[in-house]
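**Student:** Quick one: structure below, then a few questions.
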Protein chains: 2
Amino acid sequence: MSNLKRPLESLPTQISAQIMTHIREEGLVEGAHMSAQSLADRFGVSRSPVQKALAQLVADKVVRHEPKRGFFVTGEGLTIASRSDSNDPLAETYLQIADDRLRGELPDVVSEAALRERYDLTQADLRSLLLRMQMEGWLHKRRGYGWMFHEMLTTPDGLEQTYRLRAALEPAILLEPGFRLDPKVLNQLIEVEKRMLDGEIDTASIESLYARGVNFHEALAEASGNPFMLDSLRRVNQVRRLLAYRSMVDRSRYYGQAREHLEILDLISRGSMVEASVAMRHHLGSVMVSLQRIEPLLR
Amino acid sequence: MSNLKRPLESLPTQISAQIMTHIREEGLVEGAHMSAQSLADRFGVSRSPVQKALAQLVADKVVRHEPKRGFFVTGEGLTIASRSDSNDPLAETYLQIADDRLRGELPDVVSEAALRERYDLTQADLRSLLLRMQMEGWLHKRRGYGWMFHEMLTTPDGLEQTYRLRAALEPAILLEPGFRLDPKVLNQLIEVEKRMLDGEIDTASIESLYARGVNFHEALAEASGNPFMLDSLRRVNQVRRLLAYRSMVDRSRYYGQAREHLEILDLISRGSMVEASVAMRHHLGSVMVSLQRIEPLLR
DNA sequence: TTCTGCACTTTGGTCTATTAAAATGCAATT
DNA sequence: AATTGCATTTTAATAGACCAAAGTGCAGAA
């Protein structure tokens, strides 16, 4: 019916990725047994997609199957990225539309028929895309017919505006009374930043660098315990990603960012939330400044 | 930006309400001619729904129709609230679901079939509701089957959390470099607050009082020129409305609010944005305090 | 007892055709 | 020249049938 979420990957594929992460995080070793029900419970689905996920993993030799006994970890194949069926044609079209819009090749108002023809989409696929864009807040249905792009994607200083929102929001996130960062998560965040400084800034893909930055900030928002703040940040980041694709090309500034992230994490670990909040304000300020140095080059 | 589809009222009815507002705001008097095309352009639709809207208004005697010549203002009927087909059954169900959820009568996870049966909805109506709730951020589709309510509606101190987000966001809104409040809008806002103090606080409906408060804050966010801030505020207000229905019963605190609103507007009109920002911070702080006095009574 | 494997049920996504409604073109009228 | 009134075209919502995929119950093996 509605197709709101048309997963970028099928449920079994998602689950198999989650199982691999699970094995890694729980440190399961060769021979460990995994029951379908426990996995299903953990991931909040039924055994059906878990069965299929396990079948995929058997094909990848990550787990071994013994008839009537179940599935066992082999200890192999965990380094493999995952069977990324990332040939998802919808994700590509999604970015294509965003890019076409940012380059001014799509008008403010478009009809579904026009989009369907231009990108050669089925009704269901188009619908899925439109809903996703609407949910992310950069496209909305007009009264009458047609869809309209949100001004977010039109104004020239959109990126700066996102930073000013974050500069208001994120320092406050650290001052939330319910703030509590799980030590496990804290350590993971620290590890990521250290690996970044140890060279991954130069080797990782641009998308991956962006994703890690977002992950740092959203992990803190999640720790705040305030779902409204988390939601606001997530939404702005979603749109920011579209804007950022066109500008974030300077890897060097990630070094300063990583150091500042580490400083903030250090203050949090010591419970100095006020200082952490100040550091966050400074961090976002400095990102904004470095942005202003870059942006003119793009105009 | 809400209203994905299935407008709460049909397009012609929406338009006829807009035409009435238009007549009032532009001060059109008896005999003034209105062309269908100019109205259509102004409201961003085609002439078709405008024609139907005008036909409705003829029935209401707000405009007069002369064959082959067009439509003319009569000067009558403008005080009438509007032909509010507000017997919209969906809006009622929408609030019913929210309320049932807040009262804990609906589980965290529900299937579409269960909702359809419980509220006796057609597939299309249910879908419309689900999309709206999903857009507002308090319900989302799970992987697999079923829908899940967002924690926003579960946590006991939800309302306070919305205020803390606003306390971070709204003072910053007033400091946006692009902030510019149309003098016409400024005067309208001042008028509303004055009328409130002149007695409407005691006579207007609770919904109406709430709507005016929201309108004040969102008008400022709109004036900021930062669509991301506006969007965040709108979203939090949308959910807040659900939470607020259950607690805002104390009319007296609106007096203090109205005076603080006027003070902020005064500072804005004199261009003292920093002072206005401080006043806004104080305003939200005092609202939060008065909230804490009320809330324990409800638990 | 726990868990698997498989049968079976339920859910909701997809497809096609239909239809209501909005957009638009144009001759007639002012 | 501008605008109306109506006819025509375009658009997207809806209904119904179908079916793939997720959820669930249970007998039997471990």
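Labels for the structure tokens follow display order: chains A, B, ..., residues from 1 in each chain, ligands from 1.
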When you look at DT9 of chain C with a cut-off of 12 Å (counting only C-alpha atoms (C1' of nucleotides)), what residues show up, excluding the ones that are within fewer than 3 positions of it in the same chain? I need them as JSON, numbers by chain.

**Tutor:** {"D": [22, 23, 24, 25]}

**Student:** How far apart are chain A and chain B by Cα RMSD after a least-squares superposition over every Cα, paired in order?

**Tutor:**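 When all C-alpha atoms are superposed, the deviation is 1.4 Å.
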
**Student:** Each residue of chain C lying at most 8 Å from chain B should get a row with its shortest atom-to-atom pair and the distance in Å to one decimal, counting only C-alpha atoms (C1' of nucleotides); could you produce that, ordered by chain and increasing number, as JSON lines?

**Tutor:**
```
{"residue": "C:DT11", "atom": "C1'", "partner": "B:Tyr145", "partner_atom": "CA", "distance": 6.6}
{"residue": "C:DG12", "atom": "C1'", "partner": "B:Tyr145", "partner_atom": "CA", "distance": 7.6}
{"residue": "C:DA22", "atom": "C1'", "partner": "B:Ser48", "partner_atom": "CA", "distance": 6.4}
{"residue": "C:DA23", "atom": "C1'", "partner": "B:Ser46", "partner_atom": "CA", "distance": 5.9}
{"residue": "C:DT29", "atom": "C1'", "partner": "B:Lys68", "partner_atom": "CA", "distance": 6.5}
{"residue": "C:DT30", "atom": "C1'", "partner": "B:Arg69", "partner_atom": "CA", "distance": 6.8}
```

**Student:** Taking the backbone alone, and naming residues the way the document does, which bits of segment 87-175 of chain A are alpha helix (DSSP H) by DSSP, as a PyMOL selection string?

**Tutor:** chain A and resi 89-102+112-119+123-136+158-173

**Student:** Can you write just those residues out, C-alpha atoms, as a PDB file, in the first residue's frame?

**Tutor:**
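File out-v4.pdb, as written:
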```pdb
ATOM      1  CA  PRO A  89      18.648   2.034  -8.461  1.00  0.00           C
ATOM      2  CA  LEU A  90      16.394   4.204  -6.344  1.00  0.00           C
ATOM      3  CA  ALA A  91      19.181   5.641  -4.239  1.00  0.00           C
ATOM      4  CA  GLU A  92      20.936   6.684  -7.400  1.00  0.00           C
ATOM      5  CA  THR A  93      17.878   8.387  -8.817  1.00  0.00           C
ATOM      6  CA  TYR A  94      17.309  10.053  -5.478  1.00  0.00           C
ATOM      7  CA  LEU A  95      20.711  11.677  -5.556  1.00  0.00           C
ATOM      8  CA  GLN A  96      20.295  12.466  -9.212  1.00  0.00           C
ATOM      9  CA  ILE A  97      17.132  14.406  -8.541  1.00  0.00           C
ATOM     10  CA  ALA A  98      18.718  16.286  -5.651  1.00  0.00           C
ATOM     11  CA  ASP A  99      21.687  17.157  -7.777  1.00  0.00           C
ATOM     12  CA  ASP A 100      19.611  18.196 -10.755  1.00  0.00           C
ATOM     13  CA  ARG A 101      17.638  20.443  -8.484  1.00  0.00           C
ATOM     14  CA  LEU A 102      20.705  22.031  -6.921  1.00  0.00           C
ATOM     15  CA  GLU A 112       4.680  13.486 -11.102  1.00  0.00           C
ATOM     16  CA  ALA A 113       4.257  12.658 -14.766  1.00  0.00           C
ATOM     17  CA  ALA A 114       7.221  14.851 -15.686  1.00  0.00           C
ATOM     18  CA  LEU A 115       9.419  13.182 -13.086  1.00  0.00           C
ATOM     19  CA  ARG A 116       8.301   9.732 -14.103  1.00  0.00           C
ATOM     20  CA  GLU A 117       9.262  10.389 -17.665  1.00  0.00           C
ATOM     21  CA  ARG A 118      12.510  12.169 -16.934  1.00  0.00           C
ATOM     22  CA  TYR A 119      13.846   9.481 -14.631  1.00  0.00           C
ATOM     23  CA  GLN A 123       4.495   4.803 -10.228  1.00  0.00           C
ATOM     24  CA  ALA A 124       5.442   2.958  -7.068  1.00  0.00           C
ATOM     25  CA  ASP A 125       9.111   3.887  -7.261  1.00  0.00           C
ATOM     26  CA  LEU A 126       8.320   7.521  -7.898  1.00  0.00           C
ATOM     27  CA  ARG A 127       5.919   7.530  -5.016  1.00  0.00           C
ATOM     28  CA  SER A 128       8.524   6.044  -2.753  1.00  0.00           C
ATOM     29  CA  LEU A 129      11.008   8.736  -3.742  1.00  0.00           C
ATOM     30  CA  LEU A 130       8.559  11.587  -3.376  1.00  0.00           C
ATOM     31  CA  LEU A 131       7.537  10.447   0.070  1.00  0.00           C
ATOM     32  CA  ARG A 132      11.121  10.127   1.139  1.00  0.00           C
ATOM     33  CA  MET A 133      11.954  13.596  -0.106  1.00  0.00           C
ATOM     34  CA  GLN A 134       8.879  14.980   1.537  1.00  0.00           C
ATOM     35  CA  MET A 135       9.828  13.298   4.780  1.00  0.00           C
ATOM     36  CA  GLU A 136      13.266  14.788   4.576  1.00  0.00           C
ATOM     37  CA  GLY A 158      21.691  27.004   2.873  1.00  0.00           C
ATOM     38  CA  LEU A 159      24.742  25.309   4.335  1.00  0.00           C
ATOM     39  CA  GLU A 160      25.538  28.236   6.611  1.00  0.00           C
ATOM     40  CA  GLN A 161      21.972  28.232   7.842  1.00  0.00           C
ATOM     41  CA  THR A 162      22.258  24.603   8.838  1.00  0.00           C
ATOM     42  CA  TYR A 163      25.358  25.444  10.840  1.00  0.00           C
ATOM     43  CA  ARG A 164      23.648  28.266  12.651  1.00  0.00           C
ATOM     44  CA  LEU A 165      20.861  25.925  13.660  1.00  0.00           C
ATOM     45  CA  ARG A 166      23.380  23.411  14.889  1.00  0.00           C
ATOM     46  CA  ALA A 167      25.315  26.103  16.737  1.00  0.00           C
ATOM     47  CA  ALA A 168      22.150  26.904  18.664  1.00  0.00           C
ATOM     48  CA  LEU A 169      21.115  23.324  19.215  1.00  0.00           C
ATOM     49  CA  GLU A 170      24.154  21.206  19.849  1.00  0.00           C
ATOM     50  CA  PRO A 171      25.666  23.068  22.796  1.00  0.00           C
ATOM     51  CA  ALA A 172      22.263  22.758  24.447  1.00  0.00           C
ATOM     52  CA  ILE A 173      22.211  19.042  23.753  1.00  0.00           C
TER      53      ILE A 173
END
```

**Student:** Quick one: distance from atom C1' of DT14 of chain C to atom CA of Ala40 of chain A in Å, one decimal?

**Tutor:**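 Distance reported for this atom pair: 26.8 Å.
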
**Student:** Compute the chain D side of the contact with chain B at 10 Å, counting only C-alpha atoms (C1' of nucleotides), and hand it back as a compact mmCIF listing (two decimals) with C-alpha atoms (C1' of nucleotides), in the first residue's frame.

**Tutor:**
```txt
# COMPACT_ATOMS: atom_id res chain seq x y z
C1' DA D 2 -8.94 41.42 -20.43
C1' DT D 3 -11.98 38.16 -18.59
C1' DT D 4 -15.58 34.80 -18.46
C1' DG D 5 -17.64 30.26 -19.34
C1' DA D 13 -6.17 9.67 -5.92
C1' DT D 14 -8.72 5.44 -5.44
C1' DA D 15 -10.50 0.71 -5.80
C1' DA D 21 7.23 -11.27 2.07
C1' DA D 22 6.84 -11.18 7.02
C1' DG D 23 4.72 -13.32 11.07
```

**Student:** Check the smallest atom-to-atom distance from each of B:Asn187, B:Asn226, B:Gln56, B:Gln238 to chain A using only C-alpha atoms, then report the winner.

**Tutor:**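 Between B:Asn187, B:Asn226, B:Gln56, B:Gln238, the residue approaching chain A most closely is B:Asn226.
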
**Student:** What's the 7 Å shell around segment 13-18 of chain A, counting only C-alpha atoms (C1' of nucleotides), without same-chain residues fewer than 3 positions away, as a ChimeraX atom specification?

**Tutor:** /A:9-10,21-22,50,53-54,57,82

**Student:** What gap, in Å, lies between atom C1' of DT10 of chain C and atom CA of Leu153 of chain B?

**Tutor:**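 Separation of atom C1' of DT10 of chain C and atom CA of Leu153 of chain B: 28.1 Å.
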
**Student:** If you run DSSP on the backbone, which residues of segment 43-224 of chain A are strand (DSSP E), as a PyMOL selection string?

**Tutor:** chain A and resi 63-66+70-73+109-110+139-141+147-149

**Student:** So, counting only C-alpha atoms, which residue among B:Glu275, B:Glu176, B:Asp182, B:Glu25 is closest to chain A?

**Tutor:**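 Among the listed residues, B:Glu176 lies closest to chain A.
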
**Student:** Which residue gives the smallest distance to chain B among A:Val239, A:Ala258, A:Ala223, A:Met152, with only C-alpha atoms counted?

**Tutor:**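 Looking only at the distances to chain B, the closest residue turns out to be A:Met152.
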
**Student:** Find the residues near DC6 of chain C: any atom within 10 Å, counting only C-alpha atoms (C1' of nucleotides), skip ones fewer than 2 places away on the same chain, and give them as a list in words.

**Tutor:**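 The filter keeps DT4 and DC8 of chain C; DC26 and DA27 of chain D.
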
**Student:** Go ahead and dump the residues you just picked, N, CA, C and O atoms (P, O5', C5', C4', C3', O3' and C1' of nucleotides), as a compact mmCIF listing (two decimals), in the first residue's frame.

**Tutor:**
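The result, written out as out.txt:
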```txt
# COMPACT_ATOMS: atom_id res chain seq x y z
P DT C 4 17.44 -22.63 16.21
O5' DT C 4 17.00 -23.72 15.16
C5' DT C 4 17.72 -24.95 15.11
C4' DT C 4 16.94 -25.94 14.27
C3' DT C 4 16.63 -25.45 12.85
O3' DT C 4 17.02 -26.49 11.95
C1' DT C 4 14.62 -26.15 13.94
P DC C 8 -0.30 -26.91 5.25
O5' DC C 8 -0.70 -25.48 5.83
C5' DC C 8 -0.90 -25.34 7.24
C4' DC C 8 -0.96 -23.87 7.58
C3' DC C 8 -1.89 -23.05 6.67
O3' DC C 8 -2.87 -22.45 7.50
C1' DC C 8 0.16 -21.94 7.04
P DC D 26 -0.70 -24.38 17.66
O5' DC D 26 0.17 -25.61 17.14
C5' DC D 26 0.11 -25.99 15.76
C4' DC D 26 1.21 -27.00 15.48
C3' DC D 26 1.57 -27.88 16.68
O3' DC D 26 1.84 -29.20 16.23
C1' DC D 26 3.49 -26.85 15.87
P DA D 27 1.45 -30.41 17.20
O5' DA D 27 2.09 -31.63 16.40
C5' DA D 27 2.06 -31.64 14.96
C4' DA D 27 3.38 -32.16 14.43
C3' DA D 27 3.95 -33.35 15.21
O3' DA D 27 4.53 -34.27 14.30
C1' DA D 27 5.49 -31.56 15.28
```

**Student:** Excluding segment 209-220 of chain B and residues on its chain fewer than 5 positions from it, collect all residues at most 9 Å away from it, counting only C-alpha atoms (C1' of nucleotides), and give them as a list in words.

**Tutor:** Glu170, Ile173, Leu174, Phe179, Arg180, Leu181, Val185, Leu189, Val192, Glu193, Met196, Glu200, Ile201, Ala204, Leu230, Leu233, Arg234, Asn237, Arg241, Ala244, Met248, Arg251, Tyr254, Gln257, Ala258 and His261 of chain B

**Student:** Distance atom CA of Leu28 of chain A-atom CA of Pro12 of chain A, one decimal place?

**Tutor:**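 Distance reported for this atom pair: 20.6 Å.
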
**Student:** Go through B:Ser269, B:Ser224, B:Gln51, B:Ser208 one by one, measure the shortest atom-to-atom distance of each to chain A using only C-alpha atoms, and give the residue with the smallest value.

**Tutor:**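 The closest residue to chain A is B:Ser224.
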
**Student:** Which residue gives the smallest distance to chain A among B:His33, B:Arg103, B:Arg24, B:Arg235, with only C-alpha atoms counted?

**Tutor:** B:Arg235

**Student:** Between A:Ala276, A:Met229, A:Leu39, A:Leu262, which one has atoms that come closest to chain B, using only C-alpha atoms?

**Tutor:**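 Distance minimum relative to chain B lands on A:Met229.
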